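Heads up, protein.cif below (mmCIF, C-alpha atoms and all ligand atoms):
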data_entry
#
loop_
_atom_site.label_atom_id
_atom_site.label_comp_id
_atom_site.auth_asym_id
_atom_site.auth_seq_id
_atom_site.Cartn_x
_atom_site.Cartn_y
_atom_site.Cartn_z
CA MET A 1 51.18 18.95 -16.13
CA TYR A 2 49.04 20.90 -13.69
CA TYR A 3 49.74 24.64 -13.53
CA ILE A 4 48.69 26.75 -10.57
CA LEU A 5 48.93 30.52 -10.48
CA VAL A 6 49.53 31.77 -6.93
CA ILE A 7 48.43 35.35 -6.27
CA ASN A 8 49.34 37.54 -3.31
CA ALA A 9 47.59 40.88 -3.80
CA GLY A 10 48.42 43.91 -1.68
CA SER A 11 46.78 47.32 -1.81
CA SER A 12 49.07 48.58 -4.58
CA SER A 13 51.01 45.44 -5.43
CA LEU A 14 50.48 41.98 -6.86
CA LYS A 15 52.97 39.15 -6.45
CA TYR A 16 52.57 35.96 -8.44
CA GLN A 17 54.15 32.61 -9.17
CA LEU A 18 53.18 30.03 -11.75
CA ILE A 19 53.93 26.59 -10.33
CA ASN A 20 53.81 23.20 -11.99
CA ILE A 21 52.48 21.25 -9.04
CA GLU A 22 53.59 17.90 -10.42
CA ASN A 23 57.29 18.67 -9.97
CA THR A 24 56.95 21.89 -7.87
CA ASP A 25 58.83 23.82 -10.56
CA VAL A 26 58.37 27.59 -10.45
CA LEU A 27 57.79 28.34 -14.14
CA ALA A 28 57.57 32.09 -13.67
CA LYS A 29 57.34 34.66 -10.96
CA GLY A 30 56.85 38.36 -10.80
CA LEU A 31 55.67 41.45 -9.06
CA VAL A 32 53.54 44.41 -10.03
CA GLU A 33 54.16 47.50 -7.93
CA ARG A 34 52.52 50.91 -7.70
CA ILE A 35 49.11 49.78 -8.99
CA GLY A 36 46.84 52.82 -9.14
CA ILE A 37 49.80 55.14 -8.50
CA GLU A 38 52.07 56.93 -10.94
CA GLY A 39 54.99 54.75 -12.01
CA SER A 40 53.29 51.31 -12.18
CA ILE A 41 55.84 48.64 -12.95
CA LEU A 42 55.72 44.90 -13.66
CA THR A 43 58.84 42.79 -13.20
CA HIS A 44 58.51 39.29 -14.62
CA LYS A 45 60.92 36.38 -14.91
CA GLY A 46 60.11 33.15 -16.67
CA GLN A 47 62.20 30.01 -16.11
CA GLY A 48 65.10 30.06 -18.56
CA LYS A 49 63.93 33.38 -20.01
CA GLU A 50 65.21 36.93 -19.81
CA LYS A 51 63.70 39.31 -17.30
CA LEU A 52 60.82 41.44 -18.55
CA VAL A 53 60.05 44.88 -17.14
CA ILE A 54 56.88 46.71 -18.17
CA GLU A 55 56.45 50.32 -17.11
CA GLU A 56 52.96 51.36 -18.11
CA PRO A 57 50.09 52.97 -16.23
CA MET A 58 48.05 50.31 -14.39
CA SER A 59 45.08 51.96 -12.77
CA ASP A 60 43.72 48.89 -10.97
CA HIS A 61 44.38 45.21 -10.19
CA LYS A 62 42.41 44.08 -13.25
CA GLN A 63 44.71 46.00 -15.54
CA ALA A 64 47.75 44.69 -13.65
CA MET A 65 46.43 41.13 -13.98
CA GLY A 66 46.00 41.68 -17.72
CA HIS A 67 49.69 42.56 -17.95
CA VAL A 68 50.64 39.53 -15.87
CA LEU A 69 48.76 37.18 -18.19
CA HIS A 70 50.30 38.93 -21.15
CA ALA A 71 53.77 38.38 -19.68
CA LEU A 72 53.02 34.73 -18.91
CA THR A 73 51.91 34.06 -22.48
CA ASP A 74 54.40 36.31 -24.28
CA PRO A 75 56.29 34.32 -26.98
CA LYS A 76 59.66 35.71 -25.83
CA PHE A 77 59.31 36.14 -22.06
CA GLY A 78 56.37 33.85 -21.29
CA VAL A 79 56.21 30.20 -20.24
CA ILE A 80 52.76 29.17 -21.49
CA SER A 81 51.11 29.63 -24.86
CA ASP A 82 47.61 30.29 -23.62
CA MET A 83 46.04 31.18 -20.29
CA SER A 84 43.78 28.11 -20.56
CA GLN A 85 46.93 26.20 -19.52
CA ILE A 86 46.47 27.62 -16.01
CA ASN A 87 44.46 24.92 -14.26
CA ALA A 88 43.70 26.79 -11.05
CA VAL A 89 44.49 29.96 -9.10
CA GLY A 90 45.37 30.10 -5.39
CA HIS A 91 44.88 33.40 -3.58
CA ARG A 92 46.58 34.35 -0.34
CA ILE A 93 43.96 35.95 1.93
CA LEU A 94 44.84 37.61 5.21
CA HIS A 95 41.81 37.37 7.48
CA ALA A 96 38.97 34.88 7.68
CA ALA A 97 38.19 35.37 11.39
CA GLU A 98 36.30 32.19 12.46
CA LYS A 99 34.64 31.73 9.10
CA PHE A 100 37.13 29.26 7.59
CA THR A 101 39.32 26.66 9.23
CA GLN A 102 40.88 25.62 5.94
CA SER A 103 41.26 26.64 2.33
CA VAL A 104 38.10 26.78 0.22
CA ILE A 105 37.07 27.03 -3.42
CA ILE A 106 36.04 30.62 -4.05
CA ASN A 107 32.37 31.36 -4.73
CA ASP A 108 30.13 34.33 -3.90
CA ALA A 109 29.62 33.20 -0.31
CA VAL A 110 33.41 33.06 0.18
CA THR A 111 34.00 36.54 -1.23
CA ASP A 112 31.15 37.82 0.99
CA ALA A 113 32.87 36.26 4.00
CA ILE A 114 36.21 37.85 3.06
CA ARG A 115 34.37 41.17 2.71
CA ASP A 116 32.85 40.67 6.19
CA CYS A 117 36.36 40.37 7.63
CA ILE A 118 37.56 43.72 6.22
CA LYS A 119 36.93 45.17 9.67
CA PHE A 120 39.81 43.07 11.03
CA GLY A 121 42.06 43.32 7.98
CA PRO A 122 41.30 46.79 6.60
CA LEU A 123 44.48 47.02 4.52
CA HIS A 124 44.81 43.46 3.25
CA ASN A 125 41.33 41.98 2.77
CA PRO A 126 40.13 44.65 0.30
CA ALA A 127 43.35 44.18 -1.70
CA ASN A 128 42.94 40.39 -1.60
CA LEU A 129 39.38 40.82 -2.95
CA MET A 130 40.67 43.03 -5.74
CA GLY A 131 43.10 40.25 -6.68
CA ILE A 132 40.25 37.71 -6.79
CA GLU A 133 37.98 39.99 -8.83
CA ALA A 134 40.77 40.81 -11.29
CA CYS A 135 41.43 37.09 -11.91
CA GLN A 136 37.72 36.25 -12.12
CA SER A 137 37.12 38.87 -14.76
CA ILE A 138 40.04 37.68 -16.89
CA MET A 139 39.76 33.93 -16.25
CA PRO A 140 36.05 33.40 -15.46
CA ASN A 141 36.15 29.64 -15.94
CA THR A 142 39.31 28.85 -13.95
CA PRO A 143 38.70 27.46 -10.44
CA MET A 144 40.11 29.61 -7.64
CA VAL A 145 40.95 28.84 -4.05
CA ALA A 146 41.27 31.12 -1.03
CA VAL A 147 44.12 30.21 1.33
CA PHE A 148 43.85 32.09 4.61
CA ASP A 149 46.68 33.27 6.87
CA THR A 150 44.41 32.65 9.85
CA ALA A 151 43.17 29.13 8.98
CA PHE A 152 45.99 27.02 10.46
CA HIS A 153 45.49 28.72 13.84
CA GLN A 154 41.80 27.86 14.10
CA THR A 155 42.68 24.72 16.08
CA MET A 156 43.78 26.82 19.08
CA PRO A 157 41.81 26.02 22.22
CA LYS A 158 39.62 28.76 23.66
CA LYS A 159 41.95 29.26 26.62
CA ALA A 160 44.66 30.28 24.13
CA TYR A 161 42.62 32.59 21.96
CA LEU A 162 40.41 34.39 24.44
CA TYR A 163 41.59 37.76 25.75
CA GLY A 164 40.91 38.94 29.28
CA LEU A 165 38.23 41.33 28.05
CA SER A 166 34.53 41.04 28.84
CA TYR A 167 33.11 37.96 27.16
CA ASP A 168 30.86 40.03 24.90
CA ALA A 169 33.96 41.56 23.27
CA TYR A 170 34.36 38.06 21.85
CA SER A 171 30.74 36.96 21.46
CA GLU A 172 29.43 40.28 20.09
CA TYR A 173 32.45 41.73 18.30
CA GLY A 174 34.61 38.72 17.48
CA ILE A 175 37.60 40.08 19.41
CA ARG A 176 40.01 37.17 19.99
CA ARG A 177 43.44 35.93 18.99
CA TYR A 178 43.35 34.72 15.37
CA GLY A 179 47.02 34.50 14.45
CA PHE A 180 48.71 34.94 11.06
CA HIS A 181 51.47 33.48 8.87
CA GLY A 182 49.43 30.25 9.18
CA THR A 183 50.47 29.05 5.73
CA SER A 184 54.13 29.39 6.69
CA HIS A 185 53.79 27.74 10.12
CA LYS A 186 51.83 24.89 8.54
CA TYR A 187 54.38 24.43 5.76
CA VAL A 188 57.52 24.44 7.94
CA SER A 189 56.01 22.27 10.68
CA ALA A 190 54.88 19.62 8.18
CA ARG A 191 58.18 19.87 6.31
CA TYR A 192 60.17 19.41 9.52
CA ALA A 193 58.23 16.23 10.37
CA LYS A 194 58.90 14.92 6.88
CA LEU A 195 62.62 15.77 7.02
CA VAL A 196 63.15 13.90 10.29
CA GLY A 197 60.87 11.06 9.24
CA LYS A 198 58.58 11.36 12.25
CA ASP A 199 54.82 11.35 12.52
CA LYS A 200 53.79 14.96 13.19
CA LYS A 201 51.38 13.62 15.82
CA ASP A 202 54.43 12.82 17.98
CA ILE A 203 56.11 16.23 17.82
CA LYS A 204 55.92 19.24 20.14
CA LEU A 205 57.32 22.02 18.02
CA VAL A 206 57.84 25.78 18.21
CA THR A 207 58.01 27.43 14.79
CA CYS A 208 59.65 30.88 14.66
CA HIS A 209 58.67 32.86 11.55
CA LEU A 210 61.09 35.78 11.86
CA GLY A 211 60.93 38.28 9.02
CA ASN A 212 59.69 41.80 8.52
CA GLY A 213 56.64 40.58 10.37
CA SER A 214 57.42 37.92 12.97
CA SER A 215 55.26 35.34 14.65
CA MET A 216 55.72 32.32 16.87
CA CYS A 217 53.59 29.20 16.86
CA ALA A 218 53.24 26.24 19.22
CA VAL A 219 52.47 23.18 17.09
CA ASP A 220 51.53 20.12 19.11
CA GLY A 221 50.74 16.92 17.23
CA GLY A 222 50.70 18.78 13.92
CA ILE A 223 48.12 21.37 14.93
CA CYS A 224 48.46 24.92 16.22
CA VAL A 225 47.76 25.23 19.94
CA ASP A 226 48.97 28.82 20.40
CA THR A 227 50.45 31.65 18.40
CA SER A 228 51.85 35.09 19.12
CA MET A 229 49.93 37.35 16.74
CA GLY A 230 46.45 38.35 17.78
CA LEU A 231 43.30 39.92 16.38
CA THR A 232 45.67 41.55 13.90
CA PRO A 233 49.33 40.98 12.91
CA LEU A 234 50.41 43.76 15.29
CA ALA A 235 50.70 41.55 18.38
CA GLY A 236 53.45 39.22 19.58
CA VAL A 237 57.19 39.64 19.32
CA VAL A 238 58.70 43.03 18.47
CA MET A 239 58.93 43.27 14.66
CA GLY A 240 60.63 45.37 11.98
CA THR A 241 58.29 48.33 12.41
CA ARG A 242 55.46 46.86 14.55
CA CYS A 243 55.47 47.18 18.30
CA GLY A 244 54.29 43.65 19.20
CA ASP A 245 52.84 43.05 22.68
CA ILE A 246 52.45 46.17 24.81
CA ASP A 247 50.46 47.21 27.85
CA PRO A 248 47.08 48.25 26.34
CA ALA A 249 46.94 51.27 28.64
CA ILE A 250 49.79 52.75 26.60
CA VAL A 251 47.42 53.26 23.65
CA PRO A 252 45.08 55.90 25.14
CA TYR A 253 47.99 57.44 27.06
CA LEU A 254 50.13 58.03 23.97
CA MET A 255 47.11 59.12 21.91
CA LYS A 256 46.58 61.93 24.41
CA GLU A 257 50.25 62.83 24.85
CA MET A 258 51.14 62.69 21.14
CA LYS A 259 47.73 64.06 20.06
CA LEU A 260 47.02 61.16 17.71
CA ASP A 261 43.62 59.99 16.45
CA PRO A 262 42.92 56.20 16.25
CA ASP A 263 44.16 55.90 12.66
CA GLN A 264 47.34 57.84 13.42
CA MET A 265 47.94 55.71 16.51
CA SER A 266 47.48 52.56 14.44
CA THR A 267 49.94 53.85 11.81
CA TYR A 268 52.41 54.71 14.58
CA MET A 269 52.25 51.22 16.12
CA ASN A 270 52.44 49.49 12.72
CA LYS A 271 55.05 51.58 10.95
CA LYS A 272 57.18 53.51 13.41
CA CYS A 273 57.83 51.10 16.27
CA GLY A 274 59.54 47.72 16.51
CA VAL A 275 63.28 47.52 15.99
CA LEU A 276 63.06 50.59 13.74
CA GLY A 277 61.52 52.60 16.56
CA ILE A 278 63.94 51.34 19.20
CA SER A 279 67.08 51.74 17.10
CA GLY A 280 65.99 54.89 15.28
CA ILE A 281 67.90 53.70 12.21
CA SER A 282 66.36 50.75 10.37
CA SER A 283 63.91 47.87 10.40
CA ASP A 284 66.37 45.69 8.51
CA PHE A 285 68.37 43.32 10.68
CA ARG A 286 71.42 43.57 8.41
CA ASP A 287 71.57 47.31 9.02
CA LEU A 288 71.11 46.80 12.74
CA ALA A 289 73.88 44.21 12.96
CA ALA A 290 76.25 46.48 11.04
CA ALA A 291 75.40 49.49 13.22
CA ALA A 292 75.71 47.47 16.44
CA LYS A 293 79.12 46.27 15.30
CA GLU A 294 80.19 49.88 14.95
CA GLY A 295 79.09 50.63 18.47
CA ASN A 296 75.53 51.92 17.97
CA GLU A 297 73.99 51.08 21.35
CA ARG A 298 70.38 51.49 20.32
CA ALA A 299 70.83 49.16 17.35
CA ALA A 300 72.33 46.58 19.73
CA LEU A 301 69.47 47.17 22.16
CA ALA A 302 66.86 46.65 19.42
CA LEU A 303 68.44 43.29 18.55
CA GLU A 304 68.55 42.34 22.22
CA VAL A 305 64.88 43.22 22.79
CA PHE A 306 63.90 41.19 19.72
CA CYS A 307 65.85 38.07 20.70
CA TYR A 308 64.73 38.24 24.33
CA GLY A 309 61.11 38.36 23.16
CA VAL A 310 61.52 35.33 20.91
CA LYS A 311 63.24 33.41 23.72
CA LYS A 312 60.38 34.15 26.12
CA TYR A 313 57.85 32.81 23.62
CA ILE A 314 59.85 29.59 23.16
CA GLY A 315 59.87 29.10 26.93
CA ALA A 316 56.18 29.92 27.21
CA TYR A 317 55.21 27.51 24.46
CA ALA A 318 57.35 24.72 25.93
CA ALA A 319 55.34 25.23 29.12
CA ALA A 320 52.04 25.41 27.21
CA MET A 321 52.75 22.11 25.43
CA GLY A 322 54.31 20.43 28.46
CA GLY A 323 57.48 19.67 26.51
CA LEU A 324 59.55 20.63 23.52
CA ASP A 325 60.95 18.33 20.83
CA ALA A 326 62.04 20.85 18.25
CA ILE A 327 62.45 24.50 17.29
CA VAL A 328 62.26 25.55 13.65
CA PHE A 329 63.48 28.92 12.34
CA THR A 330 62.14 30.37 9.11
CA ALA A 331 61.61 33.60 7.04
CA GLY A 332 64.17 36.31 6.21
CA ILE A 333 65.76 36.61 9.65
CA GLY A 334 65.14 33.03 10.82
CA GLU A 335 66.71 31.59 7.68
CA ASN A 336 69.67 33.95 7.39
CA ASP A 337 70.70 35.56 10.64
CA SER A 338 72.89 33.17 12.63
CA ALA A 339 73.61 35.72 15.39
CA VAL A 340 69.90 36.32 16.00
CA ARG A 341 69.19 32.57 16.06
CA ALA A 342 71.97 32.04 18.61
CA ASN A 343 70.80 34.92 20.79
CA CYS A 344 67.18 33.75 20.74
CA LEU A 345 68.32 30.39 22.12
CA LYS A 346 70.93 31.64 24.59
CA GLY A 347 69.88 30.64 28.11
CA LEU A 348 67.54 27.86 26.99
CA GLU A 349 70.12 25.16 27.72
CA PHE A 350 68.07 24.17 30.80
CA LEU A 351 65.35 23.00 28.39
CA GLY A 352 67.87 20.81 26.55
CA VAL A 353 68.43 23.34 23.75
CA LYS A 354 71.99 23.14 22.41
CA LEU A 355 72.93 24.89 19.21
CA ASP A 356 75.89 23.73 17.10
CA THR A 357 77.69 27.03 16.55
CA GLN A 358 79.42 25.71 13.44
CA LEU A 359 76.26 24.38 11.76
CA ASN A 360 74.45 27.55 12.76
CA GLN A 361 76.72 29.62 10.49
CA MET A 362 74.79 28.48 7.39
CA ARG A 363 72.29 30.69 5.62
CA GLY A 364 69.05 29.81 3.89
CA LYS A 365 69.45 26.05 3.95
CA GLU A 366 67.08 23.34 5.05
CA MET A 367 69.13 21.67 7.78
CA ARG A 368 69.57 20.75 11.43
CA ILE A 369 71.61 23.27 13.42
CA SER A 370 71.49 21.68 16.88
CA SER A 371 74.40 19.74 18.28
CA ALA A 372 74.23 15.95 18.21
CA ASP A 373 73.60 15.80 21.98
CA SER A 374 70.88 18.48 22.04
CA LYS A 375 67.66 17.11 23.54
CA VAL A 376 65.71 19.57 21.45
CA ASP A 377 66.14 19.38 17.69
CA ILE A 378 66.86 22.81 16.17
CA TRP A 379 66.30 23.32 12.45
CA CYS A 380 66.25 25.95 9.80
CA VAL A 381 63.49 25.28 7.25
CA PRO A 382 63.12 27.97 4.56
CA THR A 383 59.46 28.77 4.21
CA ASN A 384 57.62 28.43 0.91
CA GLU A 385 54.19 29.97 1.28
CA GLU A 386 53.60 29.96 -2.48
CA LEU A 387 54.19 26.22 -2.72
CA GLU A 388 51.92 25.61 0.27
CA ILE A 389 49.19 27.73 -1.37
CA ALA A 390 49.68 25.82 -4.63
CA ASN A 391 49.49 22.47 -2.82
CA GLN A 392 46.31 23.42 -1.01
CA THR A 393 44.80 24.75 -4.26
CA TYR A 394 45.65 21.50 -6.00
CA GLU A 395 44.08 19.41 -3.25
CA LEU A 396 40.76 21.21 -3.76
CA CYS A 397 40.81 21.49 -7.55
CA LYS A 398 42.44 18.31 -8.86
P1 LIG A 401 60.88 38.53 5.14
O1 LIG A 401 59.80 39.42 5.67
O2 LIG A 401 60.71 37.10 5.52
O3 LIG A 401 61.14 38.73 3.68
O4 LIG A 401 62.21 38.99 5.90
C1 LIG A 401 62.80 40.23 5.61
C2 LIG A 401 63.81 40.56 6.66
O5 LIG A 401 64.78 39.52 6.80
C3 LIG A 401 64.64 41.79 6.30
O6 LIG A 401 64.03 42.97 6.70
C4 LIG A 401 65.91 41.56 7.07
O7 LIG A 401 65.78 42.15 8.35
C5 LIG A 401 66.01 40.07 7.24
N1 LIG A 401 67.11 39.48 6.48
C6 LIG A 401 67.10 39.10 5.19
N2 LIG A 401 68.31 38.61 4.84
C7 LIG A 401 69.09 38.68 5.93
C8 LIG A 401 70.46 38.35 6.22
N3 LIG A 401 71.26 37.81 5.31
N4 LIG A 401 70.91 38.58 7.47
C9 LIG A 401 70.10 39.12 8.39
N5 LIG A 401 68.82 39.45 8.18
C10 LIG A 401 68.32 39.24 6.98
#
Would you encode the structure as structure tokens?
Ligand code: AMP
Amino acid sequence: MYYILVINAGSSSLKYQLINIENTDVLAKGLVERIGIEGSILTHKGQGKEKLVIEEPMSDHKQAMGHVLHALTDPKFGVISDMSQINAVGHRILHAAEKFTQSVIINDAVTDAIRDCIKFGPLHNPANLMGIEACQSIMPNTPMVAVFDTAFHQTMPKKAYLYGLSYDAYSEYGIRRYGFHGTSHKYVSARYAKLVGKDKKDIKLVTCHLGNGSSMCAVDGGICVDTSMGLTPLAGVVMGTRCGDIDPAIVPYLMKEMKLDPDQMSTYMNKKCGVLGISGISSDFRDLAAAAKEGNERAALALEVFCYGVKKYIGAYAAAMGGLDAIVFTAGIGENDSAVRANCLKGLEFLGVKLDTQLNQMRGKEMRISSADSKVDIWCVPTNEELEIANQTYELCK
């Protein structure tokens, strides 16, 4: 048995899974919310055990982590007898800029590097560091690995990651496309190759991670050659509440018109735009579909803008790779929303993309949804970022 604790720490939350890497069993999972805020709550579920809810003040991540380990080792709700049974910890880290091209064992130099990247991930990187520090203080002798959202995209060629700014914006300030959701794109692209029994070196693939945050990735020969998110996860397709790609001149214009300072503008673009901003009702695609069905034109328009954007990226990446063998849908929307999948692909028949409308009705399954005569294979592959983090942690710690 080899147990890996996977940690995804946000500014006031901490998600975790305990995975037995030998059979990929999820022994326990849980979530701490409202860390450092009134009403802290831990929800924990061990395999074959009743759900445990702890509502107690948790002033910081260390205290939250203490409760997590308590839950994991609790005789009634826990799944291990002692925390020494945890062989390694894998941490999801948002931004590594150009510092890491793959996962690494955490030491002081690594935490310094993560700290250096706070400028590009001001919300996530400090929270990720708090998660690491909390685990280190409670399990000082357990090896820990940092798995970066940006790492998979580090294979992009310069022509794909350089913006049309002055070169010193890149050389002096590190401004370039980095890309995110790398763990998910890596997982589903490798999984697809395995499912169809092909060598990933022979596949030109577009992976569509469509969830609250959405990103597209061109994976050629198993490596990322382009992706839609940029310096931050704000760029690319229109998202739940994020605006995606816009004309940069809009930023100073709206700041003046709406009298917003840089932080307010950033909050606006991250939280009030996307399909929520267009529809004016919700960022959730289930709400939008229901409203559109009842005749809400702006909800229908939001869905249309989203699908059109995804379609354009698929076309662009087919051109970038000089061909297209497969399209893979994943994440909340990609795995569940058959209407969105169909609309994203509508009009791509000229590329040899042919969806099987019957197969496409399924939700959340790992399966092919293209018709037998489609030149391009279309698949749904549910993502599993926790398992990918656990696998990468195992590779470095075993
Ligand atoms: P994620 O960020 O991957 O957890 O995806 C969350 C999003 O997936 C939600 O905001 C919904 O818009 C969408 N979603 C989840 N389930 C469904 C469903 N059954 N049908 C349509 N959209 C869904």
Residues within 8 Å of ligand LIG 401 (chain A), counting only C-alpha atoms and all ligand atoms, as a tab-separated table (two decimals) with C-alpha atoms, keeping the file's coordinate frame:
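Listing of part.tsv after writing:
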chain	number	residue	atom	x	y	z
A	209	HIS	CA	58.67	32.86	11.55
A	210	LEU	CA	61.09	35.78	11.86
A	211	GLY	CA	60.93	38.28	9.02
A	212	ASN	CA	59.69	41.80	8.52
A	213	GLY	CA	56.64	40.58	10.37
A	214	SER	CA	57.42	37.92	12.97
A	240	GLY	CA	60.63	45.37	11.98
A	283	SER	CA	63.91	47.87	10.40
A	284	ASP	CA	66.37	45.69	8.51
A	285	PHE	CA	68.37	43.32	10.68
A	286	ARG	CA	71.42	43.57	8.41
A	287	ASP	CA	71.57	47.31	9.02
A	289	ALA	CA	73.88	44.21	12.96
A	330	THR	CA	62.14	30.37	9.11
A	331	ALA	CA	61.61	33.60	7.04
A	332	GLY	CA	64.17	36.31	6.21
A	333	ILE	CA	65.76	36.61	9.65
A	334	GLY	CA	65.14	33.03	10.82
A	335	GLU	CA	66.71	31.59	7.68
A	336	ASN	CA	69.67	33.95	7.39
A	337	ASP	CA	70.70	35.56	10.64
A	338	SER	CA	72.89	33.17	12.63
A	363	ARG	CA	72.29	30.69	5.62
Rank nothing, just name the residue among A:Gln47, A:Ser374, A:Asn107, A:Ser59 nearest to A:Gly78, using only C-alpha atoms.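 The shortest atom-to-atom distance to A:Gly78 comes from A:Gln47.
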Using only C-alpha atoms, can you tell me which of A:Val381, A:Leu31, A:Val219, A:Met265 comes closest to A:Leu324? A:Val219
Please identify all polymer residues lying at most 10 Å from the point (60.7, 51.9, 11.3) (file coordinates), using all atoms listed in the file, and present the result as a ChimeraX atom specification. /A:239-243,268-284
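Of the residues under consideration (A:Gly347, A:Gly322, A:Pro233, A:Gly48), A:Pro233 shows the shortest atom-to-atom contact distance to A:Gly182 when counting all atoms listed in the file.
Taking atom CA of A:Glu98 as the reference point, atom CA of A:Arg176 is found at 9.8 Å.
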Point-to-point distance from atom CA of A:Val147 to atom CA of A:Ile93, Å rounded to tenths: 5.8 Å
Taking (52.1, 27.9, 20.0) in the file's coordinates as the center, which residues reach within 9 Å of it, counting only C-alpha atoms, put as a CSV table (one decimal) with C-alpha atoms, keeping the file's coordinate frame?
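Written file, point.csv:
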chain,number,residue,atom,x,y,z
A,156,MET,CA,43.8,26.8,19.1
A,160,ALA,CA,44.7,30.3,24.1
A,205,LEU,CA,57.3,22.0,18.0
A,206,VAL,CA,57.8,25.8,18.2
A,207,THR,CA,58.0,27.4,14.8
A,216,MET,CA,55.7,32.3,16.9
A,217,CYS,CA,53.6,29.2,16.9
A,218,ALA,CA,53.2,26.2,19.2
A,219,VAL,CA,52.5,23.2,17.1
A,220,ASP,CA,51.5,20.1,19.1
A,224,CYS,CA,48.5,24.9,16.2
A,225,VAL,CA,47.8,25.2,19.9
A,226,ASP,CA,49.0,28.8,20.4
A,227,THR,CA,50.4,31.6,18.4
A,228,SER,CA,51.8,35.1,19.1
A,313,TYR,CA,57.8,32.8,23.6
A,314,ILE,CA,59.8,29.6,23.2
A,316,ALA,CA,56.2,29.9,27.2
A,317,TYR,CA,55.2,27.5,24.5
A,318,ALA,CA,57.4,24.7,25.9
A,320,ALA,CA,52.0,25.4,27.2
A,321,MET,CA,52.8,22.1,25.4
Atom-to-atom span, atom CA of A:Met58 and atom CA of A:Ile35, Å: 5.5 Å
Taking into account only C-alpha atoms, which residue in the set A:Gln63, A:Ser40, A:Thr24, A:Gln17 is nearest to A:Val79?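 Going through A:Gln63, A:Ser40, A:Thr24, A:Gln17 one by one, the smallest distance to A:Val79 is for A:Gln17.
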Between A:Leu5, A:Ala300, A:Gln358, A:Ile138, which is the closest to A:Asp25 once you count all atoms listed in the file?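 Looking at the shortest contact to A:Asp25, the residue is A:Leu5.
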Pick out the closest residue to A:Val110 from this set: A:Tyr187, A:Phe77, A:Phe148, A:Tyr173. Count all atoms listed in the file.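 Closest candidate: A:Phe148.
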Find the residues around A:Leu396 up to 8 Å (only C-alpha atoms counted), leave out those fewer than 6 positions away in its own chain, and share them as a PyMOL selection string. chain A and resi 104-105+145
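When the distance limit is 10 Å and all atoms listed in the file are what count, the residues near A:Asp116, minus those fewer than 5 positions from it on the same chain, are His95, Ala96, Ala97, Lys99, Val110, Thr111, Gly121 and Asn125 of chain A.
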Just the residues within 12 Å of A:Leu14, please, counting only C-alpha atoms, with nothing from its chain fewer than 3 positions along; format it as JSON, numbers by chain. {"A": [6, 7, 8, 9, 10, 11, 17, 29, 30, 31, 32, 33, 34, 35, 36, 40, 41, 42, 43, 44, 58, 60, 61, 62, 63, 64, 65, 66, 67, 68, 91, 92, 124, 127, 128, 129, 130, 131, 132, 134, 135]}
Within 8 Å of A:Asp356, counting all atoms listed in the file, which residues qualify if same-chain residues fewer than 5 places away don't, as a compact mmCIF listing (two decimals) with C-alpha atoms, in the frame of the given file?
# COMPACT_ATOMS: atom_id res chain seq x y z
CA ILE A 369 71.61 23.27 13.42
CA SER A 370 71.49 21.68 16.88
CA SER A 371 74.40 19.74 18.28
